[in-house]
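A.B. asks: Next up, input_5.csv (CSV, C-alpha atoms).
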```
chain,number,residue,atom,x,y,z
A,1,MET,CA,-164.9,-24.2,-24.9
A,2,SER,CA,-167.5,-27.0,-25.4
A,3,ILE,CA,-169.3,-27.5,-28.7
A,4,GLN,CA,-172.8,-26.0,-28.9
A,5,LEU,CA,-175.0,-27.1,-31.7
A,6,SER,CA,-176.9,-23.9,-31.7
A,7,ASP,CA,-173.8,-22.3,-33.3
A,8,TYR,CA,-174.4,-24.4,-36.4
A,9,GLU,CA,-177.9,-23.4,-37.4
A,10,LYS,CA,-177.5,-20.5,-39.8
A,11,GLY,CA,-178.1,-22.5,-43.0
A,12,ALA,CA,-176.2,-20.0,-45.1
A,13,SER,CA,-176.1,-20.9,-48.8
A,14,TYR,CA,-172.9,-21.6,-50.7
A,15,ASP,CA,-172.1,-18.6,-52.9
A,16,GLY,CA,-169.2,-20.1,-54.8
A,17,ASP,CA,-169.1,-22.2,-58.0
A,18,TYR,CA,-170.3,-25.4,-56.3
A,19,ALA,CA,-169.6,-27.8,-59.2
A,20,GLU,CA,-166.1,-26.4,-59.7
A,21,VAL,CA,-165.1,-26.4,-56.0
A,22,LEU,CA,-166.5,-29.9,-55.5
A,23,LYS,CA,-164.5,-31.2,-58.5
A,24,GLY,CA,-161.3,-29.7,-57.0
A,25,LEU,CA,-162.1,-31.2,-53.5
A,26,GLN,CA,-162.7,-34.6,-55.1
A,27,GLU,CA,-159.4,-34.4,-56.8
A,28,ARG,CA,-157.6,-33.5,-53.6
A,29,LEU,CA,-159.4,-36.4,-51.8
A,30,SER,CA,-158.4,-38.8,-54.7
A,31,HIS,CA,-154.7,-37.7,-54.3
A,32,ALA,CA,-154.8,-38.1,-50.5
A,33,HIS,CA,-156.4,-41.6,-51.0
A,34,ALA,CA,-153.6,-42.5,-53.5
A,35,ARG,CA,-151.0,-41.5,-51.0
A,36,HIS,CA,-152.6,-43.6,-48.3
A,37,ILE,CA,-152.3,-46.6,-50.6
A,38,VAL,CA,-148.7,-45.8,-51.7
A,39,HIS,CA,-147.5,-45.2,-48.1
A,40,GLY,CA,-149.5,-48.0,-46.5
A,41,ARG,CA,-151.5,-45.7,-44.2
A,42,ARG,CA,-154.9,-46.2,-42.5
A,43,ALA,CA,-157.7,-43.8,-41.7
A,44,ILE,CA,-161.1,-44.0,-40.0
A,45,ILE,CA,-163.8,-41.4,-40.9
A,46,VAL,CA,-166.8,-41.3,-38.5
A,47,LEU,CA,-170.0,-39.5,-39.6
A,48,GLU,CA,-172.7,-38.9,-37.0
A,49,GLY,CA,-175.7,-36.6,-37.0
A,50,TRP,CA,-179.5,-36.4,-37.0
A,51,ASP,CA,-181.7,-38.4,-39.4
A,52,ALA,CA,-181.9,-36.8,-42.9
A,53,GLU,CA,-179.0,-34.5,-42.1
A,54,GLY,CA,-177.0,-35.3,-45.3
A,55,LYS,CA,-174.4,-37.9,-44.3
A,56,GLY,CA,-175.2,-40.0,-47.4
A,57,GLY,CA,-174.7,-37.2,-49.8
A,58,ILE,CA,-171.3,-36.3,-48.3
A,59,ILE,CA,-170.1,-39.9,-48.3
A,60,LYS,CA,-171.2,-40.3,-52.0
A,61,ARG,CA,-169.2,-37.3,-53.0
A,62,MET,CA,-166.3,-38.1,-50.7
A,63,THR,CA,-165.6,-41.5,-52.2
A,64,ALA,CA,-166.5,-40.7,-55.8
A,65,GLU,CA,-162.9,-40.7,-57.0
A,66,TRP,CA,-161.5,-43.3,-54.6
A,67,ASP,CA,-160.2,-46.7,-55.6
A,68,PRO,CA,-162.9,-49.1,-54.5
A,69,ARG,CA,-160.4,-51.8,-53.5
A,70,TYR,CA,-159.0,-49.6,-50.7
A,71,PHE,CA,-162.0,-48.1,-48.9
A,72,GLN,CA,-165.1,-49.5,-47.2
A,73,VAL,CA,-168.2,-47.7,-46.1
A,74,TRP,CA,-169.8,-49.3,-43.0
A,75,PRO,CA,-173.5,-48.4,-42.5
A,76,ILE,CA,-174.1,-49.1,-38.8
A,77,SER,CA,-177.5,-50.2,-37.6
A,78,ALA,CA,-178.7,-51.9,-34.5
A,79,PRO,CA,-176.4,-54.8,-33.2
A,80,THR,CA,-177.5,-58.3,-33.9
A,81,PRO,CA,-178.3,-60.7,-31.0
A,82,TYR,CA,-174.8,-62.2,-31.6
A,83,GLU,CA,-173.2,-58.8,-31.3
A,84,ARG,CA,-175.2,-57.8,-28.3
A,85,ASP,CA,-173.8,-60.8,-26.5
A,86,ARG,CA,-170.3,-59.2,-26.7
A,87,HIS,CA,-168.7,-56.0,-25.7
A,88,PHE,CA,-170.2,-53.1,-27.7
A,89,LEU,CA,-166.9,-52.3,-29.4
A,90,TRP,CA,-166.4,-55.9,-30.5
A,91,ARG,CA,-168.3,-55.5,-33.8
A,92,PHE,CA,-166.3,-52.4,-34.7
A,93,TRP,CA,-162.9,-54.1,-34.2
A,94,GLN,CA,-164.0,-56.4,-37.1
A,95,LYS,CA,-164.4,-53.4,-39.4
A,96,LEU,CA,-161.2,-51.4,-38.7
A,97,PRO,CA,-159.0,-50.6,-41.7
A,98,GLY,CA,-155.9,-52.5,-42.7
A,99,SER,CA,-152.8,-51.1,-44.3
A,100,ARG,CA,-153.6,-48.8,-47.3
A,101,GLU,CA,-157.3,-48.7,-46.4
A,102,VAL,CA,-159.8,-46.0,-45.4
A,103,CYS,CA,-162.9,-47.0,-43.6
A,104,VAL,CA,-166.0,-44.7,-43.4
A,105,PHE,CA,-168.5,-45.3,-40.6
A,106,ASP,CA,-172.0,-44.1,-41.4
A,107,ARG,CA,-172.9,-44.0,-37.6
A,108,SER,CA,-170.5,-45.7,-35.3
A,109,TRP,CA,-169.6,-46.8,-31.7
A,110,TYR,CA,-171.2,-43.5,-30.6
A,111,GLY,CA,-174.5,-45.3,-30.6
A,112,ARG,CA,-173.6,-46.4,-27.1
A,113,VAL,CA,-173.8,-42.9,-25.7
A,114,LEU,CA,-176.6,-41.7,-28.1
A,115,VAL,CA,-179.4,-44.0,-29.2
A,116,GLU,CA,-178.6,-46.7,-26.6
A,117,ARG,CA,-178.6,-44.2,-23.9
A,118,VAL,CA,-181.7,-42.3,-24.9
A,119,GLU,CA,-183.7,-45.4,-25.9
A,120,GLY,CA,-182.7,-47.4,-22.8
A,121,PHE,CA,-181.0,-50.1,-24.8
A,122,CYS,CA,-178.2,-50.3,-22.2
A,123,SER,CA,-177.9,-49.4,-18.6
A,124,GLU,CA,-176.9,-46.0,-17.3
A,125,ARG,CA,-173.7,-47.6,-15.9
A,126,ASP,CA,-172.9,-49.0,-19.4
A,127,TRP,CA,-173.3,-45.7,-21.3
A,128,LYS,CA,-171.5,-43.7,-18.7
A,129,ARG,CA,-168.6,-46.2,-18.8
A,130,GLY,CA,-168.8,-45.9,-22.6
A,131,TYR,CA,-167.1,-42.5,-22.8
A,132,ASP,CA,-163.8,-43.8,-21.4
A,133,GLU,CA,-164.0,-47.0,-23.4
A,134,ILE,CA,-164.5,-45.0,-26.6
A,135,ASN,CA,-161.7,-42.5,-25.8
A,136,GLU,CA,-159.3,-45.4,-25.1
A,137,PHE,CA,-160.4,-47.2,-28.2
A,138,GLU,CA,-159.8,-44.2,-30.4
A,139,ALA,CA,-156.5,-43.5,-28.7
A,140,GLN,CA,-155.4,-47.1,-29.5
A,141,GLN,CA,-156.1,-46.5,-33.1
A,142,VAL,CA,-154.2,-43.2,-33.3
A,143,ASP,CA,-151.3,-44.7,-31.3
A,144,GLY,CA,-151.2,-47.5,-33.8
A,145,GLY,CA,-150.8,-45.1,-36.7
A,146,THR,CA,-154.4,-44.8,-37.8
A,147,THR,CA,-155.9,-41.3,-38.5
A,148,VAL,CA,-159.2,-40.8,-36.8
A,149,ILE,CA,-161.5,-38.1,-38.2
A,150,LYS,CA,-164.9,-37.5,-36.5
A,151,MET,CA,-167.6,-35.3,-38.1
A,152,PHE,CA,-171.1,-34.4,-36.9
A,153,LEU,CA,-173.8,-33.0,-39.2
A,154,HIS,CA,-176.4,-30.8,-37.5
A,155,VAL,CA,-179.8,-29.7,-38.8
A,156,THR,CA,-182.7,-27.9,-37.1
A,157,GLN,CA,-186.0,-29.6,-36.4
A,158,ALA,CA,-187.6,-27.6,-39.2
A,159,THR,CA,-185.0,-28.7,-41.8
A,160,GLN,CA,-185.3,-32.3,-40.7
A,161,ASP,CA,-189.1,-32.2,-41.0
A,162,LYS,CA,-188.9,-30.8,-44.5
A,163,ARG,CA,-186.4,-33.4,-45.7
A,164,LEU,CA,-188.5,-36.2,-44.2
A,165,ALA,CA,-191.6,-34.8,-46.0
A,166,ASP,CA,-189.6,-34.5,-49.2
A,167,ARG,CA,-188.5,-38.1,-49.0
A,168,LEU,CA,-192.1,-39.4,-48.4
A,169,SER,CA,-193.2,-37.5,-51.5
A,170,VAL,CA,-190.7,-39.2,-53.8
A,171,PRO,CA,-191.4,-42.9,-54.4
A,172,GLU,CA,-187.7,-43.8,-54.9
A,173,LYS,CA,-186.8,-42.2,-51.6
A,174,ARG,CA,-189.6,-43.4,-49.3
A,175,TRP,CA,-187.6,-46.4,-48.2
A,176,LYS,CA,-185.3,-44.1,-46.4
A,177,VAL,CA,-188.0,-43.0,-43.9
A,178,THR,CA,-188.6,-45.4,-41.0
A,179,GLN,CA,-190.6,-45.4,-37.8
A,180,GLU,CA,-187.3,-44.9,-36.0
A,181,ASP,CA,-187.0,-41.4,-37.6
A,182,PHE,CA,-190.2,-40.4,-35.8
A,183,ARG,CA,-189.3,-42.2,-32.6
A,184,ASN,CA,-186.0,-40.2,-32.5
A,185,ARG,CA,-187.8,-37.0,-33.5
A,186,ALA,CA,-190.1,-37.2,-30.5
A,187,LYS,CA,-187.1,-37.3,-28.2
A,188,ARG,CA,-185.1,-34.5,-29.7
A,189,ASP,CA,-184.4,-32.8,-26.4
A,190,GLU,CA,-183.1,-36.0,-24.9
A,191,TYR,CA,-180.9,-36.5,-27.9
A,192,LEU,CA,-179.6,-32.9,-27.7
A,193,ALA,CA,-178.6,-33.5,-24.1
A,194,ALA,CA,-176.9,-36.8,-25.1
A,195,ILE,CA,-175.1,-35.2,-28.0
A,196,HIS,CA,-173.7,-32.3,-26.0
A,197,ALA,CA,-172.5,-34.8,-23.3
A,198,MET,CA,-170.9,-36.8,-26.0
A,199,PHE,CA,-169.0,-33.7,-27.3
A,200,LYS,CA,-167.9,-32.8,-23.8
A,201,GLN,CA,-166.6,-36.3,-22.9
A,202,THR,CA,-165.1,-37.4,-26.3
A,203,ASP,CA,-163.8,-34.2,-28.0
A,204,THR,CA,-160.2,-35.2,-27.4
A,205,ARG,CA,-156.9,-33.8,-28.6
A,206,TRP,CA,-156.2,-37.1,-30.5
A,207,ALA,CA,-159.7,-37.5,-32.0
A,208,PRO,CA,-161.5,-34.1,-32.0
A,209,TRP,CA,-165.0,-33.5,-33.2
A,210,ALA,CA,-165.8,-31.2,-36.2
A,211,VAL,CA,-169.4,-30.0,-36.4
A,212,PHE,CA,-171.0,-28.8,-39.7
A,213,ASP,CA,-174.1,-26.8,-40.3
A,214,GLY,CA,-176.1,-29.2,-42.5
A,215,ASN,CA,-179.1,-26.9,-43.1
A,216,ASN,CA,-177.9,-26.1,-46.6
A,217,LYS,CA,-176.7,-29.2,-48.3
A,218,LYS,CA,-174.3,-27.7,-50.8
A,219,ALA,CA,-172.6,-25.5,-48.1
A,220,ALA,CA,-172.4,-28.5,-45.7
A,221,ARG,CA,-170.8,-30.7,-48.4
A,222,ILE,CA,-168.2,-28.1,-49.3
A,223,ALA,CA,-167.3,-27.4,-45.7
A,224,ALA,CA,-167.2,-31.1,-44.7
A,225,LEU,CA,-165.2,-32.2,-47.7
A,226,THR,CA,-162.7,-29.3,-47.3
A,227,TYR,CA,-162.1,-30.3,-43.7
A,228,LEU,CA,-161.7,-33.9,-44.6
A,229,ALA,CA,-159.3,-33.1,-47.5
A,230,ASP,CA,-157.2,-31.0,-45.1
A,231,ARG,CA,-157.1,-33.7,-42.5
A,232,LEU,CA,-156.2,-36.5,-44.9
A,233,ASP,CA,-153.6,-34.3,-46.7
A,234,ALA,CA,-151.9,-33.6,-43.4
A,235,SER,CA,-151.9,-37.3,-42.3
A,236,VAL,CA,-149.8,-38.7,-45.1
A,237,PRO,CA,-146.4,-37.9,-46.6
A,238,LYS,CA,-146.6,-35.7,-49.7
A,239,ASP,CA,-143.9,-37.5,-51.7
A,240,LEU,CA,-144.6,-40.2,-54.2
A,241,PRO,CA,-142.1,-42.7,-55.5
A,242,ASP,CA,-140.5,-42.5,-58.9
A,243,ALA,CA,-141.7,-45.0,-61.5
A,244,ASP,CA,-140.1,-48.4,-61.2
A,245,PRO,CA,-137.2,-48.5,-63.7
A,246,VAL,CA,-138.1,-52.1,-64.7
A,247,LEU,CA,-141.7,-51.0,-65.5
A,248,VAL,CA,-140.4,-48.0,-67.4
A,249,ALA,CA,-138.1,-50.2,-69.5
A,250,MET,CA,-141.0,-52.6,-70.2
A,251,ALA,CA,-143.2,-49.7,-71.2
A,252,ARG,CA,-140.5,-48.3,-73.5
A,253,ASP,CA,-140.1,-51.7,-75.2
A,254,ALA,CA,-143.8,-52.4,-75.4
A,255,PHE,CA,-145.2,-49.1,-76.7
A,256,GLY,CA,-142.3,-46.5,-76.9
A,257,TYR,CA,-142.9,-44.9,-73.6
A,258,LYS,CA,-141.0,-41.6,-73.4
A,259,GLY,CA,-141.5,-40.6,-69.7
```
Take the structure from the file and write it as structure tokens.

C.D. replies:
Amino acid sequence: MSIQLSDYEKGASYDGDYAEVLKGLQERLSHAHARHIVHGRRAIIVLEGWDAEGKGGIIKRMTAEWDPRYFQVWPISAPTPYERDRHFLWRFWQKLPGSREVCVFDRSWYGRVLVERVEGFCSERDWKRGYDEINEFEAQQVDGGTTVIKMFLHVTQATQDKRLADRLSVPEKRWKVTQEDFRNRAKRDEYLAAIHAMFKQTDTRWAPWAVFDGNNKKAARIAALTYLADRLDASVPKDLPDADPVLVAMARDAFGYKG
């Protein structure tokens, strides 16, 4: 059954102990990240969604307990002239994770079948071909041992409008609002059609989409981070190596280590 965004518009509040549950999820994510490092695994996390839907807040809390040496957040904007002169996936190949790394994409290669389609930045032939190119690209990553996790944050027009207004009212947040937000807003129906086509064409068994109701920020964060923790937990071995006997002996000699 195809994904329908109208199924993710309830905006139900989170009734649990938000701070306590968030702390537990961040600990789970920290442990999963450590196992990625220890076992030399790779993961790609893709976040897509509307403007002001809450990706930034999720990324901030997702990475709060991660070792900064082994993850990278890539905020994706319009391609440069140099990048436009190459295949649209070229710039993303440069940003893929190496061994022991997790890469988070704040928007991604799906721009080809979303903004580039709707705004006419590429030809119809190009964006239609993009579905197969994206599926093959993601299949290559998975076949090569990289975990691919794709998440979409959905909000209603009313929620988006309120958040844009709130940002404009706070001097420290006004920089987040751009003319593009209103350009995209004016074409919501076109974007809805493009998003649903994206789900239909790229919700694959090797890289499925997960959609989250972003109309309540706390509920969305808990739901998204729970899903992410579950996926990352399942993608790496649970075992961790014993302490190196040489290091244990050095610690015993240096400060009386008893472990």

A.B. asks: Could you tell me how far CA of Tyr14 (chain A) lies from CA of Lys218 (chain A), in Å and to one decimal?

C.D. replies: 6.3 Å

A.B. asks: In Å, rounded to a single decimal, give me how far CA of Lys200 (chain A) is from CA of Asp126 (chain A).

C.D. replies: 17.5 Å

A.B. asks: For a quick check of understanding, using only C-alpha atoms, which of A:Thr156, A:Ile222, A:Leu25, A:Gly259 has the smallest distance to Asp189 (chain A)?

C.D. replies: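 So, comparing all the options, the nearest one is A:Thr156.
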
A.B. asks: What's the 9 Å shell around region 61-64 of chain A, counting all atoms listed in the file, without same-chain residues fewer than 4 positions away, as a list of chain:residue names?

C.D. replies: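 Neighbouring residues, sequence-local ones excluded: A:Leu22, A:Leu25, A:Gln26, A:Leu29, A:Ser30, A:Gly56, A:Gly57, A:Pro68, A:Phe71, A:Arg221, A:Leu225, A:Leu228.
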
A.B. asks: Which value, in Å to one decimal, gives the distance between CA of Val46 (chain A) and CA of Val155 (chain A)?

C.D. replies: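 Straight-line distance from CA of Val46 (chain A) to CA of Val155 (chain A) works out to 17.4 Å.
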
A.B. asks: From the options A:Ala234, A:Leu114, A:Ile3, A:Ala32, which residue's atoms come nearest to Arg188 (chain A), counting all atoms listed in the file?

C.D. replies: A:Leu114

A.B. asks: So, with only C-alpha atoms as the atoms that count, which of A:Ala223, A:Phe137, A:Phe92, A:Ile195 lies closest to Val21 (chain A)?

C.D. replies: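 Nearest to Val21 (chain A): A:Ala223.
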
A.B. asks: I'd like to know which of A:Thr147, A:Thr226, A:Gln179, A:Asn184 is closest to Trp206 (chain A), using only C-alpha atoms.

C.D. replies: A:Thr147

A.B. asks: Restricting the calculation to only C-alpha atoms: of A:Ser108, A:Glu101, A:Phe152, A:Gln140, which residue gets closest to Asp67 (chain A)?

C.D. replies: A:Glu101

A.B. asks: Model the absent atoms of region 220-239 of chain A so that N, CA and C atoms are present, and write the result as an mmCIF file, keeping the file's coordinate frame.

C.D. replies:
```cif
data_model
loop_
_atom_site.group_PDB
_atom_site.id
_atom_site.type_symbol
_atom_site.label_atom_id
_atom_site.label_comp_id
_atom_site.auth_asym_id
_atom_site.auth_seq_id
_atom_site.Cartn_x
_atom_site.Cartn_y
_atom_site.Cartn_z
ATOM 1 N N ALA A 220 -172.864 -27.444 -46.672
ATOM 2 C CA ALA A 220 -172.400 -28.500 -45.700
ATOM 3 C C ALA A 220 -171.410 -29.410 -46.436
ATOM 4 N N ARG A 221 -171.717 -29.782 -47.671
ATOM 5 C CA ARG A 221 -170.800 -30.700 -48.400
ATOM 6 C C ARG A 221 -169.457 -30.057 -48.618
ATOM 7 N N ILE A 222 -169.447 -28.804 -49.056
ATOM 8 C CA ILE A 222 -168.200 -28.100 -49.300
ATOM 9 C C ILE A 222 -167.373 -27.993 -48.027
ATOM 10 N N ALA A 223 -168.034 -27.597 -46.942
ATOM 11 C CA ALA A 223 -167.300 -27.400 -45.700
ATOM 12 C C ALA A 223 -166.792 -28.749 -45.146
ATOM 13 N N ALA A 224 -167.608 -29.795 -45.196
ATOM 14 C CA ALA A 224 -167.200 -31.100 -44.700
ATOM 15 C C ALA A 224 -166.072 -31.695 -45.519
ATOM 16 N N LEU A 225 -166.190 -31.614 -46.832
ATOM 17 C CA LEU A 225 -165.200 -32.200 -47.700
ATOM 18 C C LEU A 225 -163.864 -31.404 -47.649
ATOM 19 N N THR A 226 -163.951 -30.091 -47.447
ATOM 20 C CA THR A 226 -162.700 -29.300 -47.300
ATOM 21 C C THR A 226 -162.006 -29.704 -46.009
ATOM 22 N N TYR A 227 -162.746 -29.834 -44.915
ATOM 23 C CA TYR A 227 -162.100 -30.300 -43.700
ATOM 24 C C TYR A 227 -161.508 -31.648 -43.821
ATOM 25 N N LEU A 228 -162.236 -32.548 -44.460
ATOM 26 C CA LEU A 228 -161.700 -33.900 -44.600
ATOM 27 C C LEU A 228 -160.481 -33.923 -45.500
ATOM 28 N N ALA A 229 -160.493 -33.177 -46.594
ATOM 29 C CA ALA A 229 -159.300 -33.100 -47.500
ATOM 30 C C ALA A 229 -158.107 -32.567 -46.705
ATOM 31 N N ASP A 230 -158.333 -31.534 -45.905
ATOM 32 C CA ASP A 230 -157.200 -31.000 -45.100
ATOM 33 C C ASP A 230 -156.665 -31.987 -44.137
ATOM 34 N N ARG A 231 -157.546 -32.704 -43.447
ATOM 35 C CA ARG A 231 -157.100 -33.700 -42.500
ATOM 36 C C ARG A 231 -156.358 -34.847 -43.120
ATOM 37 N N LEU A 232 -156.903 -35.357 -44.211
ATOM 38 C CA LEU A 232 -156.200 -36.500 -44.900
ATOM 39 C C LEU A 232 -154.924 -36.059 -45.509
ATOM 40 N N ASP A 233 -154.892 -34.861 -46.096
ATOM 41 C CA ASP A 233 -153.600 -34.300 -46.700
ATOM 42 C C ASP A 233 -152.553 -34.283 -45.612
ATOM 43 N N ALA A 234 -152.922 -33.824 -44.418
ATOM 44 C CA ALA A 234 -151.900 -33.600 -43.400
ATOM 45 C C ALA A 234 -151.475 -34.946 -42.728
ATOM 46 N N SER A 235 -152.210 -36.015 -42.977
ATOM 47 C CA SER A 235 -151.900 -37.300 -42.300
ATOM 48 C C SER A 235 -150.989 -38.205 -43.042
ATOM 49 N N VAL A 236 -150.663 -37.865 -44.289
ATOM 50 C CA VAL A 236 -149.800 -38.700 -45.100
ATOM 51 C C VAL A 236 -148.667 -37.931 -45.716
ATOM 52 N N PRO A 237 -147.515 -38.560 -45.935
ATOM 53 C CA PRO A 237 -146.400 -37.900 -46.600
ATOM 54 C C PRO A 237 -146.830 -37.367 -47.987
ATOM 55 N N LYS A 238 -146.244 -36.244 -48.394
ATOM 56 C CA LYS A 238 -146.600 -35.700 -49.700
ATOM 57 C C LYS A 238 -145.848 -36.311 -50.851
ATOM 58 N N ASP A 239 -144.714 -36.936 -50.568
ATOM 59 C CA ASP A 239 -143.900 -37.500 -51.700
ATOM 60 C C ASP A 239 -144.500 -38.746 -52.227
#
```
